[in-house]
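S.K.: final_15.tsv (TSV, C-alpha atoms) pasted underneath:
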chain	number	residue	atom	x	y	z
A	1483	MET	CA	-44.49	1.76	48.89
A	1484	LEU	CA	-41.29	0.02	49.96
A	1485	ILE	CA	-42.17	-2.94	47.77
A	1486	VAL	CA	-42.70	-0.64	44.79
A	1487	ARG	CA	-39.37	1.13	45.37
A	1488	TYR	CA	-37.58	-2.19	45.77
A	1489	SER	CA	-39.10	-3.52	42.56
A	1490	LEU	CA	-38.16	-0.33	40.72
A	1491	ALA	CA	-34.60	-0.64	41.97
A	1492	LEU	CA	-34.40	-4.21	40.68
A	1493	VAL	CA	-35.69	-3.14	37.26
A	1494	LEU	CA	-33.21	-0.25	37.06
A	1495	GLY	CA	-30.41	-2.57	38.13
A	1496	ALA	CA	-31.31	-5.02	35.41
A	1497	LEU	CA	-31.42	-2.23	32.81
A	1498	VAL	CA	-28.03	-0.91	33.86
A	1499	ALA	CA	-26.51	-4.38	33.62
A	1500	GLY	CA	-28.19	-4.99	30.29
A	1501	CYS	CA	-26.90	-1.73	28.84
A	1502	GLY	CA	-23.34	-2.67	29.79
A	1503	LEU	CA	-22.68	0.50	31.73
A	1504	PHE	CA	-20.25	-1.45	33.91
A	1505	PRO	CA	-18.45	-3.62	31.36
A	1506	ASP	CA	-15.54	-4.39	33.67
A	1507	ALA	CA	-17.76	-6.16	36.19
A	1508	ASP	CA	-17.23	-9.53	34.49
A	1509	ASP	CA	-13.93	-8.72	32.83
A	1510	GLU	CA	-11.44	-11.45	33.65
A	1511	THR	CA	-8.59	-9.07	32.88
A	1512	LYS	CA	-9.60	-6.69	35.64
A	1513	GLY	CA	-6.65	-6.21	37.93
A	1514	TRP	CA	-4.13	-7.64	35.49
A	1515	SER	CA	-0.75	-5.95	35.43
A	1516	ALA	CA	0.66	-4.34	32.30
A	1517	GLU	CA	3.04	-7.27	31.94
A	1518	LYS	CA	0.19	-9.78	32.20
A	1519	LEU	CA	-1.95	-7.96	29.64
A	1520	TYR	CA	0.96	-7.72	27.25
A	1521	SER	CA	1.84	-11.38	27.65
A	1522	GLU	CA	-1.71	-12.51	26.96
A	1523	ALA	CA	-2.04	-10.17	23.99
A	1524	LYS	CA	1.24	-11.44	22.57
A	1525	ASP	CA	0.12	-15.06	22.95
A	1526	ASN	CA	-3.08	-14.29	21.06
A	1527	LEU	CA	-1.12	-12.50	18.36
A	1528	ASN	CA	1.26	-15.42	17.93
A	1529	ASN	CA	-1.66	-17.85	17.77
A	1530	GLY	CA	-3.45	-15.91	15.08
A	1531	ASN	CA	-6.20	-14.55	17.33
A	1532	TYR	CA	-5.69	-11.06	15.99
A	1533	GLU	CA	-8.99	-9.52	17.04
A	1534	GLN	CA	-8.54	-10.67	20.63
A	1535	ALA	CA	-4.95	-9.50	20.60
A	1536	VAL	CA	-6.02	-6.01	19.56
A	1537	LYS	CA	-8.61	-5.89	22.35
A	1538	LEU	CA	-6.03	-6.81	24.95
A	1539	TYR	CA	-3.47	-4.36	23.60
A	1540	GLU	CA	-6.09	-1.60	23.73
A	1541	LYS	CA	-6.95	-2.47	27.33
A	1542	LEU	CA	-3.27	-2.39	28.17
A	1543	GLU	CA	-2.83	1.06	26.65
A	1544	ALA	CA	-5.99	2.39	28.31
A	1545	ARG	CA	-5.05	1.16	31.79
A	1546	TYR	CA	-1.30	1.72	31.61
A	1547	PRO	CA	-0.81	4.54	29.07
A	1548	TYR	CA	2.81	5.18	30.02
A	1549	GLY	CA	5.80	2.91	29.76
A	1550	ARG	CA	7.33	0.47	27.34
A	1551	TYR	CA	4.41	-1.97	27.33
A	1552	ALA	CA	1.99	0.70	26.11
A	1553	GLN	CA	4.37	1.80	23.36
A	1554	GLN	CA	4.95	-1.75	22.22
A	1555	ALA	CA	1.21	-2.40	22.29
A	1556	GLN	CA	0.62	0.51	19.92
A	1557	LEU	CA	3.10	-0.91	17.45
A	1558	GLU	CA	1.83	-4.46	17.70
A	1559	ILE	CA	-1.75	-3.31	17.14
A	1560	ALA	CA	-0.59	-2.14	13.71
A	1561	TYR	CA	0.99	-5.53	13.10
A	1562	ALA	CA	-2.13	-7.39	14.29
A	1563	TYR	CA	-4.31	-5.43	11.87
A	1564	TYR	CA	-1.84	-6.12	9.07
A	1565	LYS	CA	-1.94	-9.86	9.78
A	1566	ASP	CA	-5.74	-9.73	9.97
A	1567	ASN	CA	-5.92	-8.23	6.46
A	1568	GLU	CA	-7.18	-4.89	7.73
A	1569	PRO	CA	-4.84	-2.52	5.83
A	1570	ALA	CA	-6.61	0.76	6.63
A	1571	GLN	CA	-6.57	0.08	10.38
A	1572	SER	CA	-2.96	-1.06	10.20
A	1573	VAL	CA	-1.88	2.15	8.46
A	1574	THR	CA	-3.83	4.26	10.94
A	1575	ALA	CA	-2.21	2.49	13.89
A	1576	ALA	CA	1.26	2.78	12.36
A	1577	ASP	CA	0.74	6.48	11.65
A	1578	ARG	CA	-0.34	7.02	15.24
A	1579	PHE	CA	2.79	5.30	16.54
A	1580	ILE	CA	5.01	7.40	14.27
A	1581	LYS	CA	3.32	10.60	15.41
A	1582	LEU	CA	3.55	9.74	19.10
A	1583	HIS	CA	7.06	8.28	19.03
A	1584	PRO	CA	9.04	9.81	16.14
A	1585	ASN	CA	12.35	8.93	17.79
A	1586	HIS	CA	11.46	5.43	18.96
A	1587	PRO	CA	14.05	2.76	18.08
A	1588	SER	CA	11.33	0.82	16.22
A	1589	VAL	CA	9.85	3.68	14.23
A	1590	ASP	CA	11.48	2.25	11.09
A	1591	TYR	CA	9.33	-0.83	11.59
A	1592	ALA	CA	6.22	1.36	11.72
A	1593	PHE	CA	7.07	2.74	8.26
A	1594	TYR	CA	7.70	-0.80	7.07
A	1595	LEU	CA	4.27	-1.91	8.32
A	1596	LYS	CA	2.65	1.01	6.49
A	1597	GLY	CA	4.32	-0.11	3.30
A	1598	LEU	CA	3.31	-3.72	3.80
A	1599	ALA	CA	-0.29	-2.85	4.63
A	1600	ASN	CA	-0.77	-0.87	1.42
A	1601	PHE	CA	1.25	-3.42	-0.54
A	1602	ILE	CA	-1.30	-6.14	0.19
A	1603	GLU	CA	-4.44	-4.00	-0.05
A	1604	ASP	CA	-5.00	-5.58	-3.45
A	1605	PRO	CA	-3.82	-9.18	-2.88
A	1606	GLY	CA	-3.83	-9.88	-6.60
A	1607	TRP	CA	-0.84	-7.81	-7.62
A	1608	ALA	CA	-0.32	-10.30	-10.42
A	1609	GLY	CA	-3.59	-8.91	-11.74
A	1610	TRP	CA	-1.61	-5.96	-13.04
A	1611	PHE	CA	-0.34	-8.30	-15.73
A	1612	SER	CA	-3.23	-10.75	-16.08
A	1613	GLY	CA	-5.21	-8.96	-18.76
A	1614	GLN	CA	-7.74	-7.41	-16.39
A	1615	ASP	CA	-8.95	-3.90	-17.20
A	1616	LEU	CA	-6.58	-1.97	-14.97
A	1617	THR	CA	-8.09	1.36	-16.01
A	1618	GLU	CA	-10.75	0.57	-13.41
A	1619	ARG	CA	-8.18	0.08	-10.66
A	1620	ASP	CA	-6.96	2.81	-8.35
A	1621	PRO	CA	-3.17	2.61	-7.92
A	1622	LYS	CA	-3.28	4.85	-4.83
A	1623	ALA	CA	-2.45	2.00	-2.45
A	1624	ALA	CA	0.61	1.09	-4.53
A	1625	ARG	CA	1.80	4.69	-4.53
A	1626	ASP	CA	1.26	5.00	-0.78
A	1627	SER	CA	3.14	1.76	-0.24
A	1628	PHE	CA	6.04	3.01	-2.35
A	1629	GLU	CA	6.20	6.28	-0.41
A	1630	SER	CA	6.29	4.46	2.94
A	1631	PHE	CA	9.12	2.19	1.83
A	1632	LYS	CA	10.92	5.16	0.30
A	1633	GLU	CA	10.73	7.14	3.54
A	1634	LEU	CA	12.04	4.16	5.49
A	1635	VAL	CA	14.99	3.67	3.14
A	1636	THR	CA	15.76	7.40	3.05
A	1637	ARG	CA	15.55	8.00	6.78
A	1638	PHE	CA	16.89	4.65	7.96
A	1639	PRO	CA	19.26	3.29	5.30
A	1640	GLU	CA	20.84	0.93	7.83
A	1641	SER	CA	17.51	-0.49	8.96
A	1642	ARG	CA	17.13	-4.26	8.86
A	1643	TYR	CA	13.97	-3.66	6.82
A	1644	ALA	CA	15.70	-1.51	4.19
A	1645	PRO	CA	16.77	-4.31	1.78
A	1646	ASP	CA	13.29	-5.80	1.57
A	1647	SER	CA	11.82	-2.32	1.22
A	1648	VAL	CA	14.08	-1.61	-1.75
A	1649	ALA	CA	13.03	-4.85	-3.43
A	1650	ARG	CA	9.36	-4.05	-2.89
A	1651	MET	CA	9.86	-0.53	-4.21
A	1652	GLN	CA	11.28	-1.94	-7.43
A	1653	TYR	CA	8.33	-4.25	-7.78
A	1654	LEU	CA	5.93	-1.37	-7.18
A	1655	VAL	CA	7.68	0.81	-9.73
A	1656	ASN	CA	7.24	-1.91	-12.35
A	1657	ALA	CA	3.60	-2.42	-11.39
A	1658	LEU	CA	2.79	1.29	-11.44
A	1659	ALA	CA	4.53	1.80	-14.77
A	1660	SER	CA	2.67	-1.17	-16.22
A	1661	HIS	CA	-0.57	0.37	-15.04
A	1662	GLU	CA	0.21	3.67	-16.76
A	1663	ILE	CA	1.15	1.90	-19.98
A	1664	HIS	CA	-2.02	-0.16	-19.81
A	1665	VAL	CA	-4.04	3.04	-19.56
A	1666	ALA	CA	-2.08	4.55	-22.46
A	1667	ARG	CA	-2.81	1.42	-24.51
A	1668	TYR	CA	-6.49	1.76	-23.61
A	1669	TYR	CA	-6.53	5.31	-24.96
A	1670	MET	CA	-4.70	4.29	-28.13
A	1671	ARG	CA	-7.39	1.72	-28.90
A	1672	ARG	CA	-10.01	4.43	-28.65
A	1673	GLY	CA	-8.17	6.99	-30.72
A	1674	ALA	CA	-7.53	9.29	-27.76
A	1675	TYR	CA	-3.96	9.98	-28.85
A	1676	VAL	CA	-3.30	13.05	-26.71
A	1677	ALA	CA	-4.37	11.16	-23.58
A	1678	ALA	CA	-2.29	8.14	-24.65
A	1679	ALA	CA	0.80	10.30	-25.16
A	1680	ASN	CA	0.31	12.01	-21.81
A	1681	ARG	CA	0.05	8.73	-19.90
A	1682	ALA	CA	3.06	7.23	-21.68
A	1683	GLN	CA	5.08	10.39	-21.00
A	1684	TYR	CA	4.02	10.35	-17.35
A	1685	SER	CA	5.31	6.78	-16.97
A	1686	LEU	CA	8.61	7.66	-18.64
A	1687	ASN	CA	9.12	10.64	-16.36
A	1688	SER	CA	7.92	9.01	-13.13
A	1689	TYR	CA	9.39	5.51	-13.56
A	1690	PRO	CA	12.35	5.98	-15.94
A	1691	ARG	CA	13.87	2.54	-15.40
A	1692	ALA	CA	10.71	0.45	-15.51
A	1693	PRO	CA	10.69	-2.30	-18.17
A	1694	ALA	CA	7.15	-1.29	-19.20
A	1695	ASN	CA	8.55	1.90	-20.68
A	1696	GLU	CA	9.74	-0.01	-23.72
A	1697	GLU	CA	6.14	-0.25	-24.85
A	1698	GLY	CA	5.52	3.23	-23.47
A	1699	LEU	CA	7.97	4.68	-25.99
A	1700	VAL	CA	6.29	2.76	-28.80
A	1701	ILE	CA	2.95	4.24	-27.80
A	1702	LEU	CA	4.51	7.71	-27.56
A	1703	VAL	CA	5.99	7.45	-31.06
A	1704	SER	CA	2.75	6.14	-32.51
A	1705	ALA	CA	0.57	8.70	-30.72
A	1706	TYR	CA	2.73	11.61	-31.91
A	1707	ASP	CA	2.61	10.19	-35.44
A	1708	LYS	CA	-1.20	10.00	-35.31
A	1709	LEU	CA	-1.30	13.60	-34.10
A	1710	GLY	CA	0.99	14.75	-36.90
A	1711	LEU	CA	3.68	15.88	-34.46
A	1712	LYS	CA	6.63	14.71	-36.52
A	1713	ASP	CA	9.43	16.38	-34.55
A	1714	LEU	CA	8.19	14.92	-31.25
A	1715	ARG	CA	7.69	11.56	-32.96
A	1716	ASP	CA	11.25	11.55	-34.30
A	1717	ASP	CA	12.66	12.54	-30.89
A	1718	ALA	CA	10.76	9.72	-29.19
A	1719	GLU	CA	11.93	7.28	-31.85
A	1720	ARG	CA	15.56	8.24	-31.25
A	1721	VAL	CA	15.11	7.64	-27.52
A	1722	MET	CA	13.48	4.31	-28.28
A	1723	LYS	CA	16.31	3.12	-30.52
A	1724	LYS	CA	18.99	4.31	-28.10
A	1725	ASN	CA	17.49	2.69	-25.00
A	1726	PHE	CA	16.01	-0.46	-26.54
A	1727	PRO	CA	18.11	-1.23	-29.65
A	1728	ASP	CA	17.10	-4.88	-29.64
A	1729	SER	CA	13.42	-4.29	-28.97
A	1730	LYS	CA	10.95	-6.61	-30.62
A	1731	TYR	CA	8.94	-3.54	-31.56
A	1732	LEU	CA	11.73	-2.25	-33.81
A	1733	LYS	CA	11.57	-5.43	-35.82
A	1734	GLY	CA	8.32	-4.15	-37.29
A	1735	ASP	CA	10.16	-2.35	-40.12
A	1736	THR	CA	9.16	-3.84	-43.46
A	1737	ALA	CA	10.76	-4.00	-46.85
A	1738	ALA	CA	7.80	-2.06	-48.24
A	1739	GLY	CA	8.91	0.90	-46.17
A	1740	SER	CA	6.14	0.86	-43.59
A	1741	SER	CA	7.34	2.54	-40.40
A	1742	TRP	CA	7.89	0.12	-37.53
A	1743	TRP	CA	5.50	1.91	-35.16
A	1744	ARG	CA	2.60	1.59	-37.61
A	1745	VAL	CA	2.88	-2.19	-37.52
A	1746	TRP	CA	1.96	-2.32	-33.83
A	1747	THR	CA	-1.63	-1.97	-32.77
A	1748	TRP	CA	-3.27	-1.96	-29.36
What would the structure in this file look like if it were written as structure tokens?
M.R.:
Amino acid sequence: MLIVRYSLALVLGALVAGCGLFPDADDETKGWSAEKLYSEAKDNLNNGNYEQAVKLYEKLEARYPYGRYAQQAQLEIAYAYYKDNEPAQSVTAADRFIKLHPNHPSVDYAFYLKGLANFIEDPGWAGWFSGQDLTERDPKAARDSFESFKELVTRFPESRYAPDSVARMQYLVNALASHEIHVARYYMRRGAYVAAANRAQYSLNSYPRAPANEEGLVILVSAYDKLGLKDLRDDAERVMKKNFPDSKYLKGDTAAGSSWWRVWTW
């Protein structure tokens, strides 16, 4: 009977070990101080070992949840995910830091990371202008990125990250406006003039200084003309000529009297 019990104990012991119920048994970091864990995590982060860095930061926070090392670990987890091209995890980590430490001296950096993470979610931002069918793209990440940078600049205008945030906001405005105009152009090609006018108008209202709005006004004029809305067409034409007097689109007027907007097709 003793032999049977002993054998059963060995089997159960093996099962327990195999199931990993005591994962710290062979953990080399067991007993490390908060400073040691942070130092090792930081080394991994600097060396590009982002996954390992996150694991060490998480161990640090779990074992030493209070103090400056834990707070810094939370922020650097967001950065590690950003560097590892994991935008959703980076945003989640940054949001958590902001919620837990709204008055932290580095909370502006958390907003900056959120903006960066969404900014690179689609690494081919040049694709906005490359002829790809952008009607199939979701600009949500770009809008979220813009909002994060905007909140940083609004709340922390003196932040060291504010100038770069402003530059990225301008880029995003141009990209988002170009997307809206692309969609409006798409609708024009298919004779959906109401939808085309709505998208062009949305771009003009949402991104009033974006260069893409030059074409947006052309689409608006043409769409209103197709719909027989002459007063709206004439109003849009006046805005076009006032804001873009040297536009290439206005050079479409012909000696035969054909209206300039009818020369342009999409």
S.K.: In Å, with one decimal, what is the gap from CA of Leu1595 (chain A) to CA of Gly1530 (chain A)?
M.R.: 17.4 Å
S.K.: Determine the nearest neighbour of Ala1592 (chain A) from the options A:Leu1634, A:Ala1535, A:Val1700, A:Ala1623, counting only C-alpha atoms.
M.R.: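 The closest residue to Ala1592 (chain A) is A:Leu1634.
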S.K.: I'd like the interatomic distance between CA of Trp1514 (chain A) and CA of Leu1527 (chain A), to a tenth of an Å.
M.R.: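 Computing the Euclidean distance for CA of Trp1514 (chain A) and CA of Leu1527 (chain A) yields 18.1 Å.
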S.K.: May I ask which of the residues A:Phe1726, A:Tyr1669, A:Phe1628, A:Tyr1591 is the closest one to Arg1642 (chain A), counting only C-alpha atoms?
M.R.: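 Closest to Arg1642 (chain A) of all the choices is A:Tyr1591.
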S.K.: Nearest to Met1651 (chain A) among A:Pro1547, A:Gly1597, A:Pro1584, A:Gly1710, with distances taken over only C-alpha atoms: which residue is it?
M.R.: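 Distance minimum relative to Met1651 (chain A) lands on A:Gly1597.
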S.K.: Counting only C-alpha atoms, what is within 12 Å of Tyr1684 (chain A), bar same-chain residues fewer than 2 positions away, as a short mmCIF file (atom, residue, chain, number, x, y, z; two decimals) with C-alpha atoms, in the coordinates of the input?
M.R.:
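Output contents, as saved in out.cif:
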data_model
loop_
_atom_site.label_atom_id
_atom_site.label_comp_id
_atom_site.auth_asym_id
_atom_site.auth_seq_id
_atom_site.Cartn_x
_atom_site.Cartn_y
_atom_site.Cartn_z
CA LEU A 1658 2.79 1.29 -11.44
CA ALA A 1659 4.53 1.80 -14.77
CA SER A 1660 2.67 -1.17 -16.22
CA HIS A 1661 -0.57 0.37 -15.04
CA GLU A 1662 0.21 3.67 -16.76
CA ILE A 1663 1.15 1.90 -19.98
CA VAL A 1665 -4.04 3.04 -19.56
CA ALA A 1666 -2.08 4.55 -22.46
CA ALA A 1677 -4.37 11.16 -23.58
CA ALA A 1678 -2.29 8.14 -24.65
CA ALA A 1679 0.80 10.30 -25.16
CA ASN A 1680 0.31 12.01 -21.81
CA ARG A 1681 0.05 8.73 -19.90
CA ALA A 1682 3.06 7.23 -21.68
CA LEU A 1686 8.61 7.66 -18.64
CA ASN A 1687 9.12 10.64 -16.36
CA SER A 1688 7.92 9.01 -13.13
CA TYR A 1689 9.39 5.51 -13.56
CA PRO A 1690 12.35 5.98 -15.94
CA ASN A 1695 8.55 1.90 -20.68
CA GLY A 1698 5.52 3.23 -23.47
CA LEU A 1699 7.97 4.68 -25.99
CA LEU A 1702 4.51 7.71 -27.56
#
S.K.: Work out how far CA of Asn1585 (chain A) is from CA of Glu1640 (chain A), in Å to one decimal.
M.R.: 15.3 Å
S.K.: Give the answer as one residue: which of A:Val1655, A:Ala1562, A:Ala1694, A:Ile1701 has the shortest atom-to-atom distance to Arg1667 (chain A), using only C-alpha atoms?
M.R.: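 Ranking A:Val1655, A:Ala1562, A:Ala1694, A:Ile1701 by distance to Arg1667 (chain A), first place goes to A:Ile1701.
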S.K.: Complete region 1640-1651 of chain A at the level of all heavy atoms, written as a PDB file, in the frame of the given file.
M.R.:
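selection_31.pdb, written as the output of this step:
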ATOM      1  N   GLU A1640      20.213   2.089   7.188  1.00  0.00           N
ATOM      2  CA  GLU A1640      20.840   0.930   7.830  1.00  0.00           C
ATOM      3  C   GLU A1640      19.815   0.013   8.498  1.00  0.00           C
ATOM      4  O   GLU A1640      20.192  -0.967   9.151  1.00  0.00           O
ATOM      5  CB  GLU A1640      21.837   1.407   8.895  1.00  0.00           C
ATOM      6  CG  GLU A1640      22.931   2.323   8.357  1.00  0.00           C
ATOM      7  CD  GLU A1640      23.733   1.657   7.247  1.00  0.00           C
ATOM      8  OE1 GLU A1640      24.013   0.439   7.377  1.00  0.00           O
ATOM      9  OE2 GLU A1640      24.088   2.336   6.266  1.00  0.00           O
ATOM     10  N   SER A1641      18.556   0.311   8.342  1.00  0.00           N
ATOM     11  CA  SER A1641      17.510  -0.490   8.960  1.00  0.00           C
ATOM     12  C   SER A1641      17.536  -1.933   8.432  1.00  0.00           C
ATOM     13  O   SER A1641      17.829  -2.175   7.258  1.00  0.00           O
ATOM     14  CB  SER A1641      16.137   0.114   8.683  1.00  0.00           C
ATOM     15  OG  SER A1641      15.094  -0.775   9.055  1.00  0.00           O
ATOM     16  N   ARG A1642      17.205  -2.855   9.286  1.00  0.00           N
ATOM     17  CA  ARG A1642      17.130  -4.260   8.860  1.00  0.00           C
ATOM     18  C   ARG A1642      16.031  -4.481   7.837  1.00  0.00           C
ATOM     19  O   ARG A1642      16.017  -5.493   7.118  1.00  0.00           O
ATOM     20  CB  ARG A1642      16.882  -5.153  10.084  1.00  0.00           C
ATOM     21  CG  ARG A1642      15.602  -4.837  10.821  1.00  0.00           C
ATOM     22  CD  ARG A1642      15.397  -5.680  12.053  1.00  0.00           C
ATOM     23  NE  ARG A1642      15.131  -7.057  11.734  1.00  0.00           N
ATOM     24  CZ  ARG A1642      14.667  -7.950  12.609  1.00  0.00           C
ATOM     25  NH1 ARG A1642      14.472  -7.593  13.867  1.00  0.00           N
ATOM     26  NH2 ARG A1642      14.442  -9.173  12.247  1.00  0.00           N
ATOM     27  N   TYR A1643      15.081  -3.532   7.761  1.00  0.00           N
ATOM     28  CA  TYR A1643      13.970  -3.660   6.820  1.00  0.00           C
ATOM     29  C   TYR A1643      14.241  -2.952   5.496  1.00  0.00           C
ATOM     30  O   TYR A1643      13.435  -3.023   4.577  1.00  0.00           O
ATOM     31  CB  TYR A1643      12.691  -3.073   7.444  1.00  0.00           C
ATOM     32  CG  TYR A1643      12.379  -3.643   8.800  1.00  0.00           C
ATOM     33  CD1 TYR A1643      12.569  -2.893   9.955  1.00  0.00           C
ATOM     34  CD2 TYR A1643      11.928  -4.954   8.930  1.00  0.00           C
ATOM     35  CE1 TYR A1643      12.312  -3.437  11.209  1.00  0.00           C
ATOM     36  CE2 TYR A1643      11.674  -5.499  10.182  1.00  0.00           C
ATOM     37  CZ  TYR A1643      11.867  -4.724  11.319  1.00  0.00           C
ATOM     38  OH  TYR A1643      11.616  -5.265  12.557  1.00  0.00           O
ATOM     39  N   ALA A1644      15.383  -2.268   5.396  1.00  0.00           N
ATOM     40  CA  ALA A1644      15.700  -1.510   4.190  1.00  0.00           C
ATOM     41  C   ALA A1644      15.859  -2.389   2.943  1.00  0.00           C
ATOM     42  O   ALA A1644      15.303  -2.067   1.889  1.00  0.00           O
ATOM     43  CB  ALA A1644      16.949  -0.654   4.407  1.00  0.00           C
ATOM     44  N   PRO A1645      16.604  -3.505   3.003  1.00  0.00           N
ATOM     45  CA  PRO A1645      16.770  -4.310   1.780  1.00  0.00           C
ATOM     46  C   PRO A1645      15.453  -4.822   1.210  1.00  0.00           C
ATOM     47  O   PRO A1645      15.229  -4.749  -0.007  1.00  0.00           O
ATOM     48  CB  PRO A1645      17.662  -5.472   2.263  1.00  0.00           C
ATOM     49  CG  PRO A1645      18.413  -4.912   3.422  1.00  0.00           C
ATOM     50  CD  PRO A1645      17.453  -4.007   4.116  1.00  0.00           C
ATOM     51  N   ASP A1646      14.578  -5.318   2.063  1.00  0.00           N
ATOM     52  CA  ASP A1646      13.290  -5.800   1.570  1.00  0.00           C
ATOM     53  C   ASP A1646      12.451  -4.646   1.037  1.00  0.00           C
ATOM     54  O   ASP A1646      11.727  -4.806   0.042  1.00  0.00           O
ATOM     55  CB  ASP A1646      12.524  -6.511   2.693  1.00  0.00           C
ATOM     56  CG  ASP A1646      11.241  -7.157   2.191  1.00  0.00           C
ATOM     57  OD1 ASP A1646      11.324  -8.084   1.368  1.00  0.00           O
ATOM     58  OD2 ASP A1646      10.142  -6.722   2.622  1.00  0.00           O
ATOM     59  N   SER A1647      12.553  -3.487   1.681  1.00  0.00           N
ATOM     60  CA  SER A1647      11.820  -2.320   1.220  1.00  0.00           C
ATOM     61  C   SER A1647      12.259  -1.911  -0.184  1.00  0.00           C
ATOM     62  O   SER A1647      11.438  -1.565  -1.037  1.00  0.00           O
ATOM     63  CB  SER A1647      12.007  -1.148   2.186  1.00  0.00           C
ATOM     64  OG  SER A1647      11.455  -1.441   3.450  1.00  0.00           O
ATOM     65  N   VAL A1648      13.559  -1.954  -0.425  1.00  0.00           N
ATOM     66  CA  VAL A1648      14.080  -1.610  -1.750  1.00  0.00           C
ATOM     67  C   VAL A1648      13.538  -2.567  -2.804  1.00  0.00           C
ATOM     68  O   VAL A1648      13.134  -2.150  -3.903  1.00  0.00           O
ATOM     69  CB  VAL A1648      15.622  -1.624  -1.748  1.00  0.00           C
ATOM     70  CG1 VAL A1648      16.170  -1.521  -3.165  1.00  0.00           C
ATOM     71  CG2 VAL A1648      16.162  -0.489  -0.887  1.00  0.00           C
ATOM     72  N   ALA A1649      13.540  -3.855  -2.481  1.00  0.00           N
ATOM     73  CA  ALA A1649      13.030  -4.850  -3.430  1.00  0.00           C
ATOM     74  C   ALA A1649      11.544  -4.618  -3.726  1.00  0.00           C
ATOM     75  O   ALA A1649      11.105  -4.708  -4.876  1.00  0.00           O
ATOM     76  CB  ALA A1649      13.234  -6.258  -2.866  1.00  0.00           C
ATOM     77  N   ARG A1650      10.785  -4.311  -2.702  1.00  0.00           N
ATOM     78  CA  ARG A1650       9.360  -4.050  -2.890  1.00  0.00           C
ATOM     79  C   ARG A1650       9.131  -2.754  -3.669  1.00  0.00           C
ATOM     80  O   ARG A1650       8.187  -2.652  -4.462  1.00  0.00           O
ATOM     81  CB  ARG A1650       8.643  -4.016  -1.544  1.00  0.00           C
ATOM     82  CG  ARG A1650       8.564  -5.372  -0.872  1.00  0.00           C
ATOM     83  CD  ARG A1650       7.932  -5.291   0.521  1.00  0.00           C
ATOM     84  NE  ARG A1650       7.975  -6.546   1.209  1.00  0.00           N
ATOM     85  CZ  ARG A1650       7.037  -7.509   1.114  1.00  0.00           C
ATOM     86  NH1 ARG A1650       5.995  -7.324   0.336  1.00  0.00           N
ATOM     87  NH2 ARG A1650       7.157  -8.631   1.787  1.00  0.00           N
ATOM     88  N   MET A1651       9.971  -1.770  -3.445  1.00  0.00           N
ATOM     89  CA  MET A1651       9.860  -0.530  -4.210  1.00  0.00           C
ATOM     90  C   MET A1651      10.063  -0.793  -5.700  1.00  0.00           C
ATOM     91  O   MET A1651       9.336  -0.246  -6.544  1.00  0.00           O
ATOM     92  CB  MET A1651      10.896   0.484  -3.712  1.00  0.00           C
ATOM     93  CG  MET A1651      10.551   1.125  -2.379  1.00  0.00           C
ATOM     94  SD  MET A1651      11.959   2.053  -1.699  1.00  0.00           S
ATOM     95  CE  MET A1651      12.126   3.343  -2.948  1.00  0.00           C
TER      96      MET A1651
END
